[in-house]
$ cat entry_38.tsv   # TSV, C-alpha atoms
chain	number	residue	atom	x	y	z
A	20	MET	CA	-151.45	12.45	-44.21
A	21	THR	CA	-151.12	12.88	-40.44
A	22	THR	CA	-147.42	13.72	-40.87
A	23	PHE	CA	-148.15	16.66	-43.14
A	24	ILE	CA	-150.84	18.00	-40.80
A	25	VAL	CA	-148.36	17.81	-37.92
A	26	ILE	CA	-145.70	19.64	-39.96
A	27	PHE	CA	-148.20	22.33	-40.93
A	28	LEU	CA	-149.39	22.84	-37.35
A	29	LEU	CA	-145.84	22.85	-35.98
A	30	ALA	CA	-144.70	25.46	-38.51
A	31	LEU	CA	-147.79	27.57	-37.85
A	32	SER	CA	-147.39	27.46	-34.06
A	33	LEU	CA	-143.64	28.05	-34.09
A	34	THR	CA	-143.96	30.99	-36.47
A	35	LEU	CA	-146.80	32.52	-34.43
A	36	VAL	CA	-144.61	32.49	-31.32
A	37	GLY	CA	-141.38	33.24	-33.16
A	38	THR	CA	-142.75	36.25	-35.04
A	39	ASN	CA	-143.71	37.96	-31.80
A	40	TRP	CA	-140.21	37.40	-30.41
A	41	ALA	CA	-138.60	38.46	-33.69
A	42	ARG	CA	-140.63	41.66	-33.57
A	43	ARG	CA	-139.40	42.48	-30.06
A	44	LEU	CA	-135.82	41.65	-30.96
A	45	ALA	CA	-135.95	43.82	-34.09
A	46	LEU	CA	-137.24	46.79	-32.09
A	47	TRP	CA	-134.52	46.28	-29.48
A	48	LEU	CA	-131.80	46.11	-32.16
A	49	GLY	CA	-133.25	48.96	-34.20
A	50	PHE	CA	-133.72	46.54	-37.10
A	51	VAL	CA	-136.64	48.42	-38.65
A	52	ASP	CA	-137.91	49.58	-42.02
A	53	VAL	CA	-137.99	53.37	-42.00
A	54	PRO	CA	-140.83	55.15	-43.88
A	55	ALA	CA	-139.89	56.64	-47.26
A	56	GLN	CA	-141.68	58.25	-50.19
A	57	ARG	CA	-142.11	54.98	-52.11
A	58	LYS	CA	-143.36	53.06	-49.04
A	59	LEU	CA	-146.89	52.77	-47.71
A	60	HIS	CA	-146.25	52.71	-43.95
A	61	ALA	CA	-145.95	55.91	-41.89
A	62	GLU	CA	-144.05	54.51	-38.88
A	63	PRO	CA	-140.92	52.36	-38.52
A	64	ILE	CA	-141.84	48.66	-38.77
A	65	PRO	CA	-139.71	45.78	-37.39
A	66	LEU	CA	-137.90	43.95	-40.18
A	67	MET	CA	-137.04	40.44	-38.97
A	68	GLY	CA	-140.16	38.52	-39.93
A	69	GLY	CA	-138.12	36.43	-42.37
A	70	VAL	CA	-136.16	34.99	-39.44
A	71	ALA	CA	-139.39	33.75	-37.86
A	72	ILE	CA	-140.63	32.29	-41.16
A	73	PHE	CA	-137.35	30.48	-41.80
A	74	GLY	CA	-137.09	29.24	-38.22
A	75	GLY	CA	-140.70	28.06	-38.05
A	76	ALA	CA	-140.46	26.18	-41.35
A	77	ILE	CA	-137.14	24.47	-40.74
A	78	VAL	CA	-137.78	23.48	-37.10
A	79	ALA	CA	-141.12	21.93	-38.11
A	80	ILE	CA	-139.24	19.62	-40.49
A	81	LEU	CA	-136.48	18.58	-38.05
A	82	PRO	CA	-138.42	15.76	-36.31
A	83	PHE	CA	-138.92	14.08	-39.69
A	84	LEU	CA	-135.40	14.40	-41.12
A	85	SER	CA	-134.66	10.70	-40.67
A	86	VAL	CA	-137.54	9.70	-42.97
A	87	LEU	CA	-137.08	12.43	-45.56
A	88	PRO	CA	-135.06	11.85	-48.75
A	89	ARG	CA	-131.41	12.94	-48.69
A	90	PRO	CA	-131.90	16.00	-50.97
A	91	VAL	CA	-133.72	17.78	-48.11
A	92	ILE	CA	-130.26	18.73	-46.78
A	93	ALA	CA	-129.44	20.55	-50.02
A	94	VAL	CA	-132.85	22.21	-50.11
A	95	TRP	CA	-132.53	23.67	-46.61
A	96	LEU	CA	-128.83	24.56	-46.91
A	97	SER	CA	-129.32	26.43	-50.19
A	98	SER	CA	-132.41	28.19	-48.84
A	99	ALA	CA	-130.53	29.18	-45.68
A	100	ILE	CA	-127.78	30.79	-47.78
A	101	VAL	CA	-130.36	32.82	-49.70
A	102	ALA	CA	-132.21	33.79	-46.50
A	103	LEU	CA	-128.97	34.90	-44.83
A	104	THR	CA	-128.07	37.01	-47.86
A	105	GLY	CA	-131.49	38.67	-47.62
A	106	LEU	CA	-131.07	39.30	-43.88
A	107	VAL	CA	-127.73	41.03	-44.43
A	108	ASP	CA	-129.34	43.09	-47.18
A	109	ASP	CA	-132.16	44.10	-44.83
A	110	ARG	CA	-129.57	45.39	-42.38
A	111	LEU	CA	-126.88	46.85	-44.64
A	112	GLY	CA	-128.46	47.30	-48.06
A	113	LEU	CA	-126.45	45.12	-50.42
A	114	PRO	CA	-125.95	45.78	-54.15
A	115	ALA	CA	-128.17	43.72	-56.43
A	116	TRP	CA	-125.20	41.68	-57.69
A	117	VAL	CA	-124.33	40.53	-54.16
A	118	LYS	CA	-127.87	39.26	-53.60
A	119	LEU	CA	-127.69	37.51	-56.96
A	120	LEU	CA	-124.39	35.96	-55.88
A	121	GLY	CA	-126.10	34.52	-52.79
A	122	GLN	CA	-128.74	32.97	-55.03
A	123	PHE	CA	-126.01	31.58	-57.30
A	124	ILE	CA	-124.28	29.92	-54.34
A	125	GLY	CA	-127.64	28.40	-53.35
A	126	PHE	CA	-127.96	27.12	-56.92
A	127	LEU	CA	-124.49	25.54	-56.74
A	128	VAL	CA	-125.48	23.64	-53.59
A	129	LEU	CA	-128.55	22.27	-55.37
A	130	ALA	CA	-126.53	21.39	-58.46
A	131	ALA	CA	-124.10	19.40	-56.28
A	132	PHE	CA	-127.08	17.24	-55.26
A	133	ASP	CA	-128.29	17.03	-58.87
A	134	ILE	CA	-131.39	19.13	-58.19
A	135	ARG	CA	-131.93	20.87	-61.51
A	136	VAL	CA	-133.97	21.04	-64.69
A	137	LYS	CA	-133.53	17.89	-66.74
A	138	LEU	CA	-134.66	18.65	-70.26
A	139	PRO	CA	-133.44	16.87	-73.42
A	140	LEU	CA	-130.79	19.57	-73.84
A	141	PRO	CA	-127.04	19.85	-73.22
A	142	ASP	CA	-126.32	19.87	-69.46
A	143	ILE	CA	-124.97	23.41	-69.54
A	144	LEU	CA	-128.32	24.71	-70.83
A	145	ASP	CA	-130.18	22.77	-68.13
A	146	TYR	CA	-127.99	24.42	-65.49
A	147	VAL	CA	-128.55	27.88	-67.00
A	148	ILE	CA	-132.33	27.37	-67.09
A	149	THR	CA	-132.27	26.12	-63.49
A	150	PHE	CA	-130.44	29.20	-62.23
A	151	LEU	CA	-132.66	31.57	-64.22
A	152	TRP	CA	-135.75	29.88	-62.76
A	153	LEU	CA	-134.44	30.01	-59.17
A	154	ALA	CA	-133.26	33.62	-59.39
A	155	GLY	CA	-136.34	34.72	-61.32
A	156	ILE	CA	-138.87	33.31	-58.85
A	157	SER	CA	-136.82	34.41	-55.81
A	158	ASN	CA	-136.81	38.01	-57.00
A	159	ALA	CA	-140.40	37.87	-58.28
A	160	VAL	CA	-141.67	36.95	-54.79
A	161	ASN	CA	-139.40	39.64	-53.35
A	162	PHE	CA	-140.84	42.19	-55.80
A	163	LEU	CA	-144.31	41.14	-54.69
A	164	ASP	CA	-143.53	42.02	-51.08
A	165	ASN	CA	-144.89	45.55	-51.48
A	166	MET	CA	-148.13	45.52	-49.47
A	167	ASP	CA	-149.15	44.16	-46.07
A	168	GLY	CA	-149.87	40.43	-46.22
A	169	LEU	CA	-149.32	40.11	-49.97
A	170	SER	CA	-146.13	38.12	-50.41
A	171	ALA	CA	-146.80	35.82	-47.43
A	172	GLY	CA	-150.37	35.15	-48.58
A	173	ILE	CA	-149.45	34.44	-52.20
A	174	SER	CA	-146.63	32.16	-51.02
A	175	ALA	CA	-149.13	30.32	-48.83
A	176	VAL	CA	-151.51	29.81	-51.77
A	177	SER	CA	-148.67	28.52	-53.97
A	178	ALA	CA	-147.39	26.23	-51.20
A	179	ALA	CA	-150.88	24.79	-50.70
A	180	PHE	CA	-151.12	23.78	-54.37
A	181	ILE	CA	-147.59	22.34	-54.36
A	182	MET	CA	-148.40	20.34	-51.21
A	183	LEU	CA	-151.55	18.97	-52.82
A	184	LEU	CA	-149.67	17.94	-55.98
A	185	GLY	CA	-146.89	16.39	-53.92
A	186	LEU	CA	-149.41	14.30	-52.00
A	187	GLN	CA	-151.18	13.21	-55.18
A	188	ASN	CA	-147.94	12.00	-56.72
A	189	GLY	CA	-146.36	10.42	-53.64
A	190	GLN	CA	-143.59	13.02	-53.32
A	191	PHE	CA	-142.99	13.05	-49.58
A	192	LEU	CA	-140.20	15.64	-49.60
A	193	VAL	CA	-142.10	18.14	-51.75
A	194	ALA	CA	-145.31	17.78	-49.73
A	195	ALA	CA	-143.53	18.03	-46.36
A	196	VAL	CA	-141.55	21.18	-47.22
A	197	ALA	CA	-144.63	22.77	-48.82
A	198	ALA	CA	-146.65	22.02	-45.65
A	199	ALA	CA	-143.93	23.73	-43.59
A	200	ILE	CA	-143.99	26.80	-45.86
A	201	LEU	CA	-147.77	26.94	-45.73
A	202	GLY	CA	-147.83	26.79	-41.94
A	203	ALA	CA	-145.07	29.37	-41.56
A	204	CYS	CA	-146.78	31.81	-43.94
A	205	VAL	CA	-150.17	31.46	-42.26
A	206	GLY	CA	-148.60	31.96	-38.83
A	207	PHE	CA	-146.72	35.03	-40.04
A	208	LEU	CA	-149.87	36.56	-41.55
A	209	ARG	CA	-151.24	36.93	-38.01
A	210	TYR	CA	-148.77	39.81	-37.62
A	211	ASN	CA	-148.31	40.87	-41.24
A	212	PHE	CA	-151.84	41.31	-42.60
A	213	LYS	CA	-152.86	44.97	-42.68
A	214	PRO	CA	-152.07	46.76	-40.46
A	215	ALA	CA	-148.73	44.97	-40.41
A	216	ARG	CA	-146.76	44.89	-37.15
A	217	ILE	CA	-143.69	43.31	-38.75
A	218	PHE	CA	-142.28	42.85	-42.26
A	219	MET	CA	-140.60	39.72	-43.63
A	220	GLY	CA	-137.93	41.73	-45.46
A	221	ASP	CA	-135.68	40.30	-48.14
A	222	ALA	CA	-134.71	37.50	-45.76
A	223	GLY	CA	-138.26	36.15	-45.83
A	224	ALA	CA	-139.23	37.02	-49.40
A	225	LEU	CA	-136.06	35.65	-51.03
A	226	PHE	CA	-136.23	32.54	-48.84
A	227	LEU	CA	-139.85	31.84	-49.77
A	228	GLY	CA	-139.30	32.55	-53.45
A	229	PHE	CA	-136.20	30.39	-53.66
A	230	LEU	CA	-137.79	27.49	-51.77
A	231	LEU	CA	-140.98	27.58	-53.82
A	232	ALA	CA	-138.86	27.60	-56.99
A	233	VAL	CA	-136.95	24.54	-55.75
A	234	LEU	CA	-140.20	22.70	-54.99
A	235	GLY	CA	-141.43	23.59	-58.48
A	236	LEU	CA	-138.32	21.90	-59.88
A	237	ARG	CA	-138.94	18.80	-57.79
A	238	LEU	CA	-142.56	18.26	-58.86
A	239	ARG	CA	-143.02	15.15	-60.97
A	240	PHE	CA	-146.08	13.93	-62.90
A	241	PRO	CA	-145.47	10.34	-64.01
A	242	GLU	CA	-148.91	10.02	-65.62
A	243	ASN	CA	-148.31	12.86	-68.08
A	244	VAL	CA	-145.49	14.01	-70.36
A	245	ASN	CA	-142.92	16.66	-69.44
A	246	PHE	CA	-143.74	18.46	-72.69
A	247	VAL	CA	-146.97	19.55	-70.95
A	248	THR	CA	-146.29	19.41	-67.20
A	249	TRP	CA	-143.40	21.90	-67.26
A	250	MET	CA	-146.14	24.55	-67.25
A	251	VAL	CA	-147.54	23.42	-63.87
A	252	PRO	CA	-145.04	25.26	-61.59
A	253	VAL	CA	-145.18	28.26	-63.94
A	254	PHE	CA	-148.94	28.51	-63.38
A	255	ILE	CA	-148.72	27.87	-59.63
A	256	LEU	CA	-146.27	30.78	-59.37
A	257	GLY	CA	-148.05	32.71	-62.10
A	258	LEU	CA	-148.96	35.79	-60.07
A	259	PRO	CA	-145.38	36.71	-59.04
A	260	ILE	CA	-144.29	36.05	-62.63
A	261	PHE	CA	-147.05	38.29	-64.00
A	262	ASP	CA	-146.33	41.09	-61.54
A	263	THR	CA	-142.62	41.08	-62.33
A	264	THR	CA	-143.29	41.02	-66.07
A	265	LEU	CA	-145.69	43.95	-65.73
A	266	VAL	CA	-143.21	45.99	-63.69
A	267	VAL	CA	-140.23	45.27	-65.96
A	268	ILE	CA	-142.14	46.13	-69.15
A	269	SER	CA	-143.62	49.26	-67.58
A	270	ARG	CA	-140.29	50.57	-66.32
A	271	LEU	CA	-138.37	49.80	-69.49
A	272	ARG	CA	-141.09	51.52	-71.52
A	273	ARG	CA	-140.68	54.60	-69.35
A	274	GLY	CA	-136.89	54.53	-69.64
A	275	LEU	CA	-136.35	53.37	-66.05
A	276	SER	CA	-134.22	50.56	-64.67
A	277	PRO	CA	-136.28	47.48	-63.77
A	278	LEU	CA	-134.49	47.54	-60.39
A	279	THR	CA	-135.84	51.01	-59.61
A	280	ALA	CA	-138.29	50.98	-56.69
A	281	GLY	CA	-141.76	52.30	-57.41
A	282	LYS	CA	-145.50	52.02	-56.87
A	283	ASP	CA	-146.27	50.41	-60.20
A	284	HIS	CA	-146.95	46.83	-59.09
A	285	ILE	CA	-150.31	45.17	-59.71
A	286	SER	CA	-151.25	45.73	-56.04
A	287	HIS	CA	-150.58	49.46	-56.28
A	288	ARG	CA	-152.61	49.69	-59.48
A	289	LEU	CA	-155.60	47.99	-57.85
A	290	VAL	CA	-155.45	50.54	-55.03
A	291	ALA	CA	-155.24	53.33	-57.60
A	292	MET	CA	-158.43	51.93	-59.16
A	293	GLY	CA	-160.27	52.52	-55.89
A	294	PHE	CA	-159.83	49.29	-53.94
A	295	SER	CA	-158.56	49.41	-50.38
A	296	GLN	CA	-155.22	47.76	-49.61
A	297	ARG	CA	-156.97	44.82	-47.95
A	298	GLU	CA	-159.31	44.39	-50.92
A	299	ALA	CA	-156.38	44.53	-53.37
A	300	VAL	CA	-154.50	41.84	-51.43
A	301	LEU	CA	-157.56	39.57	-51.20
A	302	ILE	CA	-158.25	39.98	-54.93
A	303	LEU	CA	-154.69	38.89	-55.66
A	304	TYR	CA	-155.09	35.87	-53.36
A	305	LEU	CA	-158.07	34.91	-55.53
A	306	VAL	CA	-156.10	35.41	-58.75
A	307	ALA	CA	-153.26	33.27	-57.37
A	308	GLY	CA	-155.83	30.58	-56.61
A	309	MET	CA	-157.09	30.75	-60.19
A	310	PHE	CA	-153.52	30.30	-61.47
A	311	GLY	CA	-153.14	27.30	-59.16
A	312	MET	CA	-156.38	25.73	-60.40
A	313	ALA	CA	-155.16	26.07	-63.98
A	314	GLY	CA	-151.96	24.33	-62.92
A	315	LEU	CA	-153.95	21.47	-61.42
A	316	PHE	CA	-155.88	21.05	-64.67
A	317	ILE	CA	-152.69	20.94	-66.73
A	318	THR	CA	-151.43	17.95	-64.73
A	319	GLU	CA	-154.16	15.93	-66.44
A	320	ALA	CA	-154.27	17.79	-69.76
A	321	SER	CA	-153.35	16.48	-73.17
A	322	VAL	CA	-150.72	18.29	-75.24
A	323	VAL	CA	-153.41	20.20	-77.17
A	324	GLU	CA	-155.36	21.09	-74.02
A	325	GLY	CA	-152.23	22.13	-72.13
A	326	TYR	CA	-150.90	24.43	-74.81
A	327	THR	CA	-154.34	25.87	-75.49
A	328	ILE	CA	-154.56	26.87	-71.82
A	329	GLY	CA	-150.98	28.11	-71.82
A	330	GLY	CA	-151.45	30.16	-74.98
A	331	THR	CA	-154.72	31.61	-73.72
A	332	ALA	CA	-153.05	32.58	-70.43
A	333	VAL	CA	-150.24	34.37	-72.29
A	334	LEU	CA	-152.74	36.32	-74.42
A	335	VAL	CA	-154.84	37.28	-71.37
A	336	ALA	CA	-151.71	38.35	-69.49
A	337	ALA	CA	-150.50	40.43	-72.45
A	338	PHE	CA	-153.90	42.12	-72.74
A	339	ALA	CA	-153.96	42.78	-68.98
A	340	ILE	CA	-150.51	44.39	-69.11
A	341	TRP	CA	-151.51	46.55	-72.09
A	342	ARG	CA	-154.75	47.60	-70.37
A	343	LEU	CA	-153.10	48.35	-67.04
A	344	GLU	CA	-150.42	50.44	-68.73
A	345	ARG	CA	-153.03	52.33	-70.75
A	346	TRP	CA	-155.17	52.85	-67.65
A	347	VAL	CA	-152.20	54.49	-65.92
A	348	GLU	CA	-151.54	56.75	-68.92
A	349	GLN	CA	-155.11	58.06	-69.18
A	350	PRO	CA	-155.20	59.87	-65.81
A	351	LEU	CA	-151.75	61.32	-66.52
A	352	SER	CA	-152.90	62.63	-69.91
A	353	ALA	CA	-156.00	64.15	-68.30
A	354	LYS	CA	-153.84	65.91	-65.70
A	355	ARG	CA	-151.57	67.30	-68.42
A	356	GLU	CA	-154.58	68.63	-70.35
A	357	VAL	CA	-155.99	70.32	-67.24
A	358	HIS	CA	-152.60	71.80	-66.41
A	359	THR	CA	-152.17	73.11	-69.98
A	360	SER	CA	-155.68	74.57	-69.97
A	361	GLU	CA	-155.04	76.37	-66.68
A	362	ASN	CA	-151.79	77.85	-68.02
A	363	GLU	CA	-153.55	79.12	-71.15
A	364	GLN	CA	-156.27	80.77	-69.04
A	365	ALA	CA	-153.65	82.40	-66.85

$ encode --input "entry_38.tsv" --output "structure tokens"
Amino acid sequence: MTTFIVIFLLALSLTLVGTNWARRLALWLGFVDVPAQRKLHAEPIPLMGGVAIFGGAIVAILPFLSVLPRPVIAVWLSSAIVALTGLVDDRLGLPAWVKLLGQFIGFLVLAAFDIRVKLPLPDILDYVITFLWLAGISNAVNFLDNMDGLSAGISAVSAAFIMLLGLQNGQFLVAAVAAAILGACVGFLRYNFKPARIFMGDAGALFLGFLLAVLGLRLRFPENVNFVTWMVPVFILGLPIFDTTLVVISRLRRGLSPLTAGKDHISHRLVAMGFSQREAVLILYLVAGMFGMAGLFITEASVVEGYTIGGTAVLVAAFAIWRLERWVEQPLSAKREVHTSENEQA
């Protein structure tokens, strides 16, 4: 247990110091996020927080490399490729397919070390599911990076649950890497919680999403059956999955590309309901914690209990998406009626 506390504290301390230096370097290089219509900040914000998160997490692990299982090399190498792709995108603005290619290369590194889904299916299907999971979670966490402190905080909550499960099941690698992520995210939040003084950018968000997805793949629950426990990482990362599902459905319904930027995420909708940005972010931390608690329960659930919880969660999520979409439509309809009434009077 002492080892994981040391890793957490190292990552936290290194990221605290590193984020401040990354902020200064970004300002000196002009590596900033410029305000735009779809963005919430009014001034240019440094955009190299992902470098500090990556550096803090990986350096915290280095003293323990000799006692960690061999796959840690693949985990960090693949994550570094994804983080570098995100950093280049932050600077140059890469097409979506190039970022996806970086994630695919990261997947190939993992596959070379046999880190993948292992279901009773043909190997090719296992590889396809693995890549879809890695790319899906990577981009879901990146999508969630739309409000100060949101993506880093949700990643910290998810990492905390993964660390706990890793410790419970004797998975040293999973627990150690999760502790490093947790420490790095908490350290970064010192500068990223509203009002943010630095952003993590795609380098940080894609790195965190990819690494959390990898840890989800590595979780094992020997005291329960895979037919139930496959839902555990899905619940732990449930909030990013829900937000992405909401955004994709909403944009497709409105005839827009899912890759189109917009203020239609769950965080933006909470603000539109009257919550402040800080309140919206804290509410979503709580929701992420609820997802994580459900995941913990499923580790001990029977098949009937597990699928009852899973089915209930799907129904609640579907209702929430329907209600949120309808809530957005109602104010728009009211505005159209007022506008029409004013035209008729004129």

$ atom_distance --input "entry_38.tsv" --atom1 "CA of Ala175 in chain A" --atom2 "CA of Trp152 in chain A"
19.3 Å

$ closest_residue --input "entry_38.tsv" --among "A:Ile317, A:Ala79, A:Val306, A:Ile260" --to "Ala197 in chain A" --atoms "all atoms listed in the file"
A:Ala79

$ closest_residue --input "entry_38.tsv" --among "A:Glu242, A:Phe162, A:Ile143, A:Lys137" --to "Thr279 in chain A" --atoms "only C-alpha atoms"
A:Phe162

$ residues_around --input "entry_38.tsv" --residues "Leu305 in chain A" --least-positions-apart "5" --cutoff "12 Å" --atoms "all atoms listed in the file" --output "VMD selection string"
chain A and resid 169 172 to 173 176 to 177 258 298 to 300 310 to 312

$ closest_residue --input "entry_38.tsv" --among "A:Ile124, A:Met166, A:Val322, A:Val53" --to "Asn245 in chain A" --atoms "all atoms listed in the file"
A:Val322

$ closest_residue --input "entry_38.tsv" --among "A:Met182, A:Leu127, A:Met250, A:Val160" --to "Tyr146 in chain A" --atoms "only C-alpha atoms"
A:Leu127

$ atom_distance --input "entry_38.tsv" --atom1 "CA of Met219 in chain A" --atom2 "CA of Pro252 in chain A"
23.5 Å

$ residues_near_point --input "entry_38.tsv" --point "(-153.0, 40.9, -42.3)" --cutoff "12 Å" --atoms "all atoms listed in the file" --output "number ranges by chain"
A: 166-172, 204-218, 296-298, 300-301

$ closest_residue --input "entry_38.tsv" --among "A:Met292, A:Ala337, A:Leu31, A:Val247" --to "Val323 in chain A" --atoms "all atoms listed in the file"
A:Val247

$ atom_distance --input "entry_38.tsv" --atom1 "CA of Ile92 in chain A" --atom2 "CA of Phe132 in chain A"
9.2 Å

$ closest_residue --input "entry_38.tsv" --among "A:Leu192, A:Leu163, A:Leu44, A:Ala280" --to "Leu227 in chain A" --atoms "all atoms listed in the file"
A:Leu163

$ residues_near_point --input "entry_38.tsv" --point "(-146.4, 15.3, -38.6)" --cutoff "9 Å" --atoms "only C-alpha atoms" --output "PDB file with C-alpha atoms, keeping the file's coordinate frame"
ATOM      1  CA  MET A  20    -151.450  12.450 -44.210  1.00  0.00           C
ATOM      2  CA  THR A  21    -151.120  12.880 -40.440  1.00  0.00           C
ATOM      3  CA  THR A  22    -147.420  13.720 -40.870  1.00  0.00           C
ATOM      4  CA  PHE A  23    -148.150  16.660 -43.140  1.00  0.00           C
ATOM      5  CA  ILE A  24    -150.840  18.000 -40.800  1.00  0.00           C
ATOM      6  CA  VAL A  25    -148.360  17.810 -37.920  1.00  0.00           C
ATOM      7  CA  ILE A  26    -145.700  19.640 -39.960  1.00  0.00           C
ATOM      8  CA  PHE A  27    -148.200  22.330 -40.930  1.00  0.00           C
ATOM      9  CA  LEU A  28    -149.390  22.840 -37.350  1.00  0.00           C
ATOM     10  CA  LEU A  29    -145.840  22.850 -35.980  1.00  0.00           C
ATOM     11  CA  ALA A  79    -141.120  21.930 -38.110  1.00  0.00           C
ATOM     12  CA  ILE A  80    -139.240  19.620 -40.490  1.00  0.00           C
ATOM     13  CA  PRO A  82    -138.420  15.760 -36.310  1.00  0.00           C
ATOM     14  CA  PHE A  83    -138.920  14.080 -39.690  1.00  0.00           C
ATOM     15  CA  ALA A 195    -143.530  18.030 -46.360  1.00  0.00           C
TER      16      ALA A 195
END

$ residues_around --input "entry_38.tsv" --residues "Val333 in chain A" --least-positions-apart "6" --cutoff "10 Å" --atoms "only C-alpha atoms" --output "PyMOL selection string"
chain A and resi 261+327+339

$ residues_around --input "entry_38.tsv" --residues "range 232-240 of chain A" --least-positions-apart "3" --cutoff "7 Å" --atoms "all atoms listed in the file" --output "PyMOL selection string"
chain A and resi 135-136+152-153+156+185+188+193+228-229+243+248+252+318

$ residues_around --input "entry_38.tsv" --residues "Val51 in chain A" --least-positions-apart "2" --cutoff "10 Å" --atoms "all atoms listed in the file" --output "list in words"
Arg42, Ala45, Leu46, Trp47, Leu48, Gly49, Val53, Pro54, Glu62, Pro63, Ile64, Pro65, Leu66, Met67, Asp109, Arg110, Ile217, Phe218 and Gly220 of chain A
